[in-house]
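This is final26.cif (mmCIF, C-alpha atoms).
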```cif
data_entry
loop_
_atom_site.group_PDB
_atom_site.id
_atom_site.type_symbol
_atom_site.label_atom_id
_atom_site.label_comp_id
_atom_site.auth_asym_id
_atom_site.auth_seq_id
_atom_site.Cartn_x
_atom_site.Cartn_y
_atom_site.Cartn_z
ATOM 1 C CA MET A 1 30.557 230.075 39.503
ATOM 2 C CA ALA A 2 34.313 230.070 38.895
ATOM 3 C CA GLN A 3 36.258 226.831 38.989
ATOM 4 C CA HIS A 4 37.747 226.191 42.424
ATOM 5 C CA VAL A 5 41.456 225.505 41.966
ATOM 6 C CA ILE A 6 42.440 222.765 44.395
ATOM 7 C CA VAL A 7 45.750 220.896 44.408
ATOM 8 C CA LYS A 8 45.859 217.660 46.388
ATOM 9 C CA GLU A 9 48.422 215.071 47.394
ATOM 10 C CA TYR A 10 48.719 212.174 44.950
ATOM 11 C CA ASN A 11 45.872 209.661 45.298
ATOM 12 C CA HIS A 12 46.121 206.074 44.018
ATOM 13 C CA ILE A 13 42.381 206.271 43.158
ATOM 14 C CA TRP A 14 43.296 208.484 40.178
ATOM 15 C CA GLU A 15 44.714 205.427 38.402
ATOM 16 C CA GLU A 16 41.481 203.523 39.023
ATOM 17 C CA MET A 17 39.427 206.485 37.783
ATOM 18 C CA TYR A 18 41.510 206.567 34.602
ATOM 19 C CA ASN A 19 41.113 202.811 34.048
ATOM 20 C CA SER A 20 37.349 202.961 34.500
ATOM 21 C CA GLU A 21 36.909 205.953 32.196
ATOM 22 C CA SER A 22 39.249 204.630 29.513
ATOM 23 C CA ILE A 23 37.014 201.561 29.102
ATOM 24 C CA LYS A 24 33.990 203.803 28.434
ATOM 25 C CA ILE A 25 35.975 205.915 25.962
ATOM 26 C CA ARG A 26 37.290 202.869 24.102
ATOM 27 C CA ASP A 27 33.749 201.498 23.863
ATOM 28 C CA ILE A 28 32.573 204.726 22.204
ATOM 29 C CA LEU A 29 35.545 205.039 19.843
ATOM 30 C CA GLY A 30 35.557 201.390 18.808
ATOM 31 C CA GLU A 31 38.054 200.342 16.142
ATOM 32 C CA ASN A 32 39.027 203.978 15.530
ATOM 33 C CA CYS A 33 40.874 203.908 18.877
ATOM 34 C CA VAL A 34 44.556 203.047 18.532
ATOM 35 C CA GLU A 35 45.561 203.598 22.155
ATOM 36 C CA ILE A 36 44.566 205.514 25.282
ATOM 37 C CA PHE A 37 47.057 207.153 27.650
ATOM 38 C CA HIS A 38 46.744 208.506 31.177
ATOM 39 C CA ILE A 39 48.566 211.844 30.992
ATOM 40 C CA GLY A 40 48.967 214.925 33.142
ATOM 41 C CA SER A 41 49.825 215.189 36.799
ATOM 42 C CA THR A 42 47.393 212.521 38.021
ATOM 43 C CA ALA A 43 49.393 209.998 35.962
ATOM 44 C CA VAL A 44 52.564 210.628 38.001
ATOM 45 C CA LYS A 45 52.727 208.765 41.312
ATOM 46 C CA GLY A 46 53.630 211.111 44.149
ATOM 47 C CA LEU A 47 52.895 214.341 42.242
ATOM 48 C CA LYS A 48 50.497 216.844 43.773
ATOM 49 C CA ALA A 49 47.747 217.652 41.307
ATOM 50 C CA LYS A 50 44.344 219.081 40.673
ATOM 51 C CA PRO A 51 42.167 215.957 40.951
ATOM 52 C CA ILE A 52 41.252 216.000 37.265
ATOM 53 C CA ILE A 53 42.028 212.889 35.239
ATOM 54 C CA ASP A 54 43.621 213.782 31.887
ATOM 55 C CA ILE A 55 43.076 211.146 29.227
ATOM 56 C CA MET A 56 44.616 211.084 25.744
ATOM 57 C CA PRO A 57 42.958 208.755 23.256
ATOM 58 C CA VAL A 58 44.807 208.354 19.956
ATOM 59 C CA VAL A 59 42.598 207.594 16.945
ATOM 60 C CA THR A 60 43.126 206.784 13.283
ATOM 61 C CA ASP A 61 40.506 209.286 12.078
ATOM 62 C CA LEU A 62 39.923 212.376 14.206
ATOM 63 C CA ALA A 63 37.244 213.872 11.948
ATOM 64 C CA SER A 64 34.952 210.868 12.454
ATOM 65 C CA VAL A 65 35.003 211.446 16.223
ATOM 66 C CA ASP A 66 32.802 214.536 15.830
ATOM 67 C CA ALA A 67 29.876 212.282 14.906
ATOM 68 C CA LEU A 68 30.227 210.642 18.340
ATOM 69 C CA ALA A 69 29.756 213.852 20.353
ATOM 70 C CA ASP A 70 26.303 212.796 21.555
ATOM 71 C CA LYS A 71 27.645 209.455 22.839
ATOM 72 C CA PHE A 72 30.269 211.299 24.897
ATOM 73 C CA GLU A 73 27.585 213.684 26.168
ATOM 74 C CA GLN A 74 25.543 210.654 27.318
ATOM 75 C CA ILE A 75 28.372 209.693 29.692
ATOM 76 C CA GLY A 76 28.683 213.250 31.030
ATOM 77 C CA TYR A 77 31.182 214.974 28.732
ATOM 78 C CA GLU A 78 30.926 218.420 27.221
ATOM 79 C CA TYR A 79 32.230 218.184 23.649
ATOM 80 C CA LEU A 80 34.242 221.340 22.855
ATOM 81 C CA GLY A 81 35.920 220.484 19.531
ATOM 82 C CA GLU A 82 39.476 221.718 19.001
ATOM 83 C CA PHE A 83 39.218 224.210 21.879
ATOM 84 C CA GLY A 84 42.320 226.200 20.977
ATOM 85 C CA ILE A 85 44.586 223.444 19.663
ATOM 86 C CA ILE A 86 44.328 222.593 15.986
ATOM 87 C CA GLY A 87 44.035 218.852 15.444
ATOM 88 C CA ARG A 88 42.723 218.076 18.916
ATOM 89 C CA ARG A 89 39.306 217.181 20.246
ATOM 90 C CA TYR A 90 38.784 218.369 23.801
ATOM 91 C CA LEU A 91 36.074 217.107 26.124
ATOM 92 C CA ARG A 92 35.509 217.767 29.787
ATOM 93 C CA LYS A 93 33.337 216.186 32.454
ATOM 94 C CA GLY A 94 32.024 217.736 35.650
ATOM 95 C CA GLY A 95 31.431 221.364 34.645
ATOM 96 C CA ASP A 96 33.350 223.981 36.637
ATOM 97 C CA GLU A 97 34.450 221.347 39.148
ATOM 98 C CA ARG A 98 35.553 218.984 36.408
ATOM 99 C CA THR A 99 36.713 215.473 37.116
ATOM 100 C CA HIS A 100 37.991 214.347 33.695
ATOM 101 C CA GLN A 101 39.426 215.902 30.544
ATOM 102 C CA ILE A 102 39.951 214.206 27.209
ATOM 103 C CA HIS A 103 42.629 215.453 24.809
ATOM 104 C CA MET A 104 42.150 213.392 21.643
ATOM 105 C CA PHE A 105 44.619 213.364 18.753
ATOM 106 C CA GLN A 106 44.962 211.540 15.455
ATOM 107 C CA ASN A 107 47.799 208.993 15.391
ATOM 108 C CA ASP A 108 49.833 211.009 12.863
ATOM 109 C CA ASP A 109 49.957 214.046 15.205
ATOM 110 C CA ILE A 110 53.266 212.866 16.619
ATOM 111 C CA ILE A 111 54.248 216.272 18.045
ATOM 112 C CA ASN A 112 51.245 216.605 20.363
ATOM 113 C CA ILE A 113 51.183 212.952 21.328
ATOM 114 C CA GLU A 114 54.913 212.821 22.096
ATOM 115 C CA ARG A 115 54.977 216.032 24.144
ATOM 116 C CA HIS A 116 52.271 214.757 26.500
ATOM 117 C CA ILE A 117 53.902 211.361 26.947
ATOM 118 C CA ALA A 118 57.394 212.851 27.299
ATOM 119 C CA VAL A 119 56.340 215.187 30.110
ATOM 120 C CA ARG A 120 54.523 212.401 31.946
ATOM 121 C CA ASP A 121 57.457 209.990 31.648
ATOM 122 C CA PHE A 122 60.028 212.656 32.527
ATOM 123 C CA LEU A 123 58.174 213.539 35.734
ATOM 124 C CA ARG A 124 57.857 209.858 36.624
ATOM 125 C CA VAL A 125 61.646 209.485 36.481
ATOM 126 C CA HIS A 126 62.736 212.914 37.783
ATOM 127 C CA LYS A 127 61.110 212.973 41.214
ATOM 128 C CA GLU A 128 62.828 216.191 42.324
ATOM 129 C CA ILE A 129 61.401 218.121 39.370
ATOM 130 C CA ALA A 130 57.989 216.560 39.988
ATOM 131 C CA GLN A 131 58.224 217.749 43.587
ATOM 132 C CA GLN A 132 59.127 221.302 42.473
ATOM 133 C CA TYR A 133 56.202 221.277 40.062
ATOM 134 C CA GLY A 134 53.820 220.062 42.754
ATOM 135 C CA MET A 135 54.963 222.767 45.162
ATOM 136 C CA LEU A 136 54.503 225.450 42.482
ATOM 137 C CA LYS A 137 50.980 224.229 41.745
ATOM 138 C CA GLU A 138 50.119 224.123 45.428
ATOM 139 C CA LYS A 139 51.400 227.694 45.917
ATOM 140 C CA LEU A 140 49.468 228.980 42.902
ATOM 141 C CA ALA A 141 46.262 227.234 43.995
ATOM 142 C CA PHE A 142 46.591 228.945 47.371
ATOM 143 C CA GLN A 143 47.201 232.343 45.715
ATOM 144 C CA TYR A 144 44.440 232.002 43.096
ATOM 145 C CA PRO A 145 41.788 229.635 44.491
ATOM 146 C CA TYR A 146 39.093 230.873 42.082
ATOM 147 C CA ASP A 147 41.143 232.149 39.154
ATOM 148 C CA ILE A 148 42.148 229.277 36.869
ATOM 149 C CA GLU A 149 43.639 231.694 34.320
ATOM 150 C CA LYS A 150 46.093 233.189 36.835
ATOM 151 C CA TYR A 151 46.865 229.699 38.135
ATOM 152 C CA CYS A 152 47.695 228.556 34.597
ATOM 153 C CA ASP A 153 49.631 231.737 33.834
ATOM 154 C CA GLY A 154 51.677 231.231 36.989
ATOM 155 C CA LYS A 155 52.893 227.813 35.894
ATOM 156 C CA GLU A 156 53.221 228.566 32.173
ATOM 157 C CA GLU A 157 56.973 229.256 32.140
ATOM 158 C CA PHE A 158 57.733 226.233 34.321
ATOM 159 C CA VAL A 159 55.645 224.008 32.031
ATOM 160 C CA LYS A 160 57.338 225.349 28.874
ATOM 161 C CA GLN A 161 60.769 224.580 30.321
ATOM 162 C CA LEU A 162 59.555 221.210 31.595
ATOM 163 C CA GLU A 163 58.284 220.283 28.140
ATOM 164 C CA LEU A 164 61.594 221.257 26.505
ATOM 165 C CA LYS A 165 63.599 219.228 29.029
ATOM 166 C CA ALA A 166 61.249 216.266 28.687
ATOM 167 C CA LEU A 167 61.450 216.217 24.888
ATOM 168 C CA GLN A 168 65.261 216.487 24.956
ATOM 169 C CA TRP A 169 65.408 213.703 27.558
ATOM 170 C CA LYS A 170 63.083 211.496 25.499
ATOM 171 C CA GLN A 171 65.315 211.856 22.410
ATOM 172 C CA LYS A 172 68.403 210.575 24.245
#
```
Here is the file; what I need is its structure written in the form of structure tokens.
Amino acid sequence: MAQHVIVKEYNHIWEEMYNSESIKIRDILGENCVEIFHIGSTAVKGLKAKPIIDIMPVVTDLASVDALADKFEQIGYEYLGEFGIIGRRYLRKGGDERTHQIHMFQNDDIINIERHIAVRDFLRVHKEIAQQYGMLKEKLAFQYPYDIEKYCDGKEEFVKQLELKALQWKQK
């Protein structure tokens, strides 16, 4: 069955879900874990979002994480390796109706780490842009309720511009 694309109003429970899951992730990663960030739309108060918690652990040694795949699977994650982004480990929980996604990077991958944090922080400060983004996502979810590819394609240009603005803003 195709993933049902649903965009919801911001829910304060998303923060609690992140906190709970980040403890489990840190326990698995141990001393390799430098930091864990709540990223994506569910990390921005007031932003409409798909109710999927995006989590970004930063580790000192990414290659050693592969040996922990079974431990992540024991807590419900599907371990998908790089999954299209070199230097990342991607995991998802909940199958087609996923609830959590992990985007893990090594601490020297400054570009990927910074772009995720910059976008999150930019949207937290620029409420009007966050509102525009939420409305776009809501519109696309209505247009493509069972076509995640078209949903993603529909927001691709907005997200590219958002990322550029966020990185420029972060450098100021």
The PyMOL selection byres ((chain A and resi 31) around 12) on the file shown: which residues, as a VMD selection string? chain A and resid 25 to 30 32 to 35 58 to 61 64 to 65
Please produce a file of those selected residues containing C-alpha atoms, as a PDB file, in the coordinates of the input.
```
ATOM      1  CA  ILE A  25      35.975 205.915  25.962  1.00  0.00           C
ATOM      2  CA  ARG A  26      37.290 202.869  24.102  1.00  0.00           C
ATOM      3  CA  ASP A  27      33.749 201.498  23.863  1.00  0.00           C
ATOM      4  CA  ILE A  28      32.573 204.726  22.204  1.00  0.00           C
ATOM      5  CA  LEU A  29      35.545 205.039  19.843  1.00  0.00           C
ATOM      6  CA  GLY A  30      35.557 201.390  18.808  1.00  0.00           C
ATOM      7  CA  ASN A  32      39.027 203.978  15.530  1.00  0.00           C
ATOM      8  CA  CYS A  33      40.874 203.908  18.877  1.00  0.00           C
ATOM      9  CA  VAL A  34      44.556 203.047  18.532  1.00  0.00           C
ATOM     10  CA  GLU A  35      45.561 203.598  22.155  1.00  0.00           C
ATOM     11  CA  VAL A  58      44.807 208.354  19.956  1.00  0.00           C
ATOM     12  CA  VAL A  59      42.598 207.594  16.945  1.00  0.00           C
ATOM     13  CA  THR A  60      43.126 206.784  13.283  1.00  0.00           C
ATOM     14  CA  ASP A  61      40.506 209.286  12.078  1.00  0.00           C
ATOM     15  CA  SER A  64      34.952 210.868  12.454  1.00  0.00           C
ATOM     16  CA  VAL A  65      35.003 211.446  16.223  1.00  0.00           C
TER      17      VAL A  65
END
```
What does the distance between CA of His100 in chain A and CA of Gln74 in chain A come to in Å, to one decimal place? 14.5 Å
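Proximity to Phe142 in chain A was assessed for A:Ile111, A:Gly154, A:Lys172, A:Glu82 counting all atoms listed in the file; the smallest distance is recorded for A:Gly154.
Proximity to Ile110 in chain A was assessed for A:Arg88, A:Lys48, A:Lys137, A:Lys155 counting all atoms listed in the file; the smallest distance is recorded for A:Arg88.
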Could the residues of range 66-158 of chain A that have an atom at most 12 Å from range 1-5 of chain A be listed as CSV, each with its closest atom pair and the distance in Å to one decimal, counting all atoms listed in the file and ordered by chain and ascending residue number?
```
residue,atom,partner,partner_atom,distance
A:Gly94,CA,A:Gln3,CA,10.6
A:Gly95,CA,A:Gln3,CA,8.5
A:Asp96,CA,A:Gln3,CA,4.7
A:Glu97,CA,A:Gln3,CA,5.8
A:Arg98,CA,A:Gln3,CA,8.3
A:Thr99,CA,A:Gln3,CA,11.5
A:Lys137,CA,A:Val5,CA,9.6
A:Glu138,CA,A:Val5,CA,9.4
A:Lys139,CA,A:Val5,CA,10.9
A:Leu140,CA,A:Val5,CA,8.8
A:Ala141,CA,A:Val5,CA,5.5
A:Phe142,CA,A:Val5,CA,8.2
A:Gln143,CA,A:Val5,CA,9.7
A:Tyr144,CA,A:Val5,CA,7.2
A:Pro145,CA,A:Val5,CA,4.9
A:Tyr146,CA,A:His4,CA,4.9
A:Asp147,CA,A:Ala2,CA,7.1
A:Ile148,CA,A:Val5,CA,6.4
A:Glu149,CA,A:Gln3,CA,10.0
A:Lys150,CA,A:Val5,CA,10.3
A:Tyr151,CA,A:Val5,CA,7.8
A:Cys152,CA,A:Val5,CA,10.1
```
Let me make sure I understand: among A:Leu162, A:Ser22, A:Arg120, A:Pro57, which one has the smallest atom-to-atom distance to Gln132 in chain A if we use all atoms listed in the file?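 Of A:Leu162, A:Ser22, A:Arg120, A:Pro57, the one nearest Gln132 in chain A is A:Leu162, counting all atoms listed in the file.
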Given all atoms listed in the file as the basis, pick out the residue of A:Met135, A:Ala118, A:Ala166, A:Ile23 nearest to Lys8 in chain A.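 So, comparing all the options, the nearest one is A:Met135.
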Spatial neighbours of Ile85 in chain A, 12 Å, only C-alpha atoms, chain gap at least 5 places, as an MDAnalysis selection string: chainID A and resid 80 90 103:105 109 112
Those residues you just picked out, can you put them in a file as a short mmCIF file (atom, residue, chain, number, x, y, z; two decimals), keeping the file's coordinate frame with C-alpha atoms?
```cif
data_model
loop_
_atom_site.label_atom_id
_atom_site.label_comp_id
_atom_site.auth_asym_id
_atom_site.auth_seq_id
_atom_site.Cartn_x
_atom_site.Cartn_y
_atom_site.Cartn_z
CA LEU A 80 34.24 221.34 22.86
CA TYR A 90 38.78 218.37 23.80
CA HIS A 103 42.63 215.45 24.81
CA MET A 104 42.15 213.39 21.64
CA PHE A 105 44.62 213.36 18.75
CA ASP A 109 49.96 214.05 15.20
CA ASN A 112 51.24 216.60 20.36
#
```
Using all atoms listed in the file, the residue out of A:Tyr10, A:Tyr77, A:Tyr133, A:Trp169 with shortest distance to Asp121 in chain A is A:Trp169
Between CA of Ile39 in chain A and CA of Ile52 in chain A, what is the spacing in Å?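 Going from CA of Ile52 in chain A over to CA of Ile39 in chain A covers 10.5 Å.
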I'd like the interatomic distance between CA of Met56 in chain A and CA of Thr42 in chain A, to a tenth of an Å.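 Calculated distance between CA of Met56 in chain A and CA of Thr42 in chain A is 12.7 Å.
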Given 5 Å of margin on each side, can you work out the centre and size in Å (one decimal) of an axis-aligned box holding every listed atom of range 153-170 of chain A, as lines of an AutoDock Vina configuration file?
```
center_x = 57.5
center_y = 221.6
center_z = 30.9
size_x = 25.8
size_y = 30.2
size_z = 22.1
```
If you apply the PyMOL selection byres ((chain A and resi 129) around 12) to this file, what residues do you get, as a compact mmCIF listing (two decimals) with C-alpha atoms, in the coordinates of the input?
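Final output, out36.txt:
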```
# COMPACT_ATOMS: atom_id res chain seq x y z
CA VAL A 44 52.56 210.63 38.00
CA GLY A 46 53.63 211.11 44.15
CA LEU A 47 52.90 214.34 42.24
CA LYS A 48 50.50 216.84 43.77
CA VAL A 119 56.34 215.19 30.11
CA ARG A 120 54.52 212.40 31.95
CA ASP A 121 57.46 209.99 31.65
CA PHE A 122 60.03 212.66 32.53
CA LEU A 123 58.17 213.54 35.73
CA ARG A 124 57.86 209.86 36.62
CA VAL A 125 61.65 209.48 36.48
CA HIS A 126 62.74 212.91 37.78
CA LYS A 127 61.11 212.97 41.21
CA GLU A 128 62.83 216.19 42.32
CA ALA A 130 57.99 216.56 39.99
CA GLN A 131 58.22 217.75 43.59
CA GLN A 132 59.13 221.30 42.47
CA TYR A 133 56.20 221.28 40.06
CA GLY A 134 53.82 220.06 42.75
CA MET A 135 54.96 222.77 45.16
CA LEU A 136 54.50 225.45 42.48
CA PHE A 158 57.73 226.23 34.32
CA VAL A 159 55.64 224.01 32.03
CA GLN A 161 60.77 224.58 30.32
CA LEU A 162 59.56 221.21 31.60
CA GLU A 163 58.28 220.28 28.14
CA LYS A 165 63.60 219.23 29.03
CA ALA A 166 61.25 216.27 28.69
```
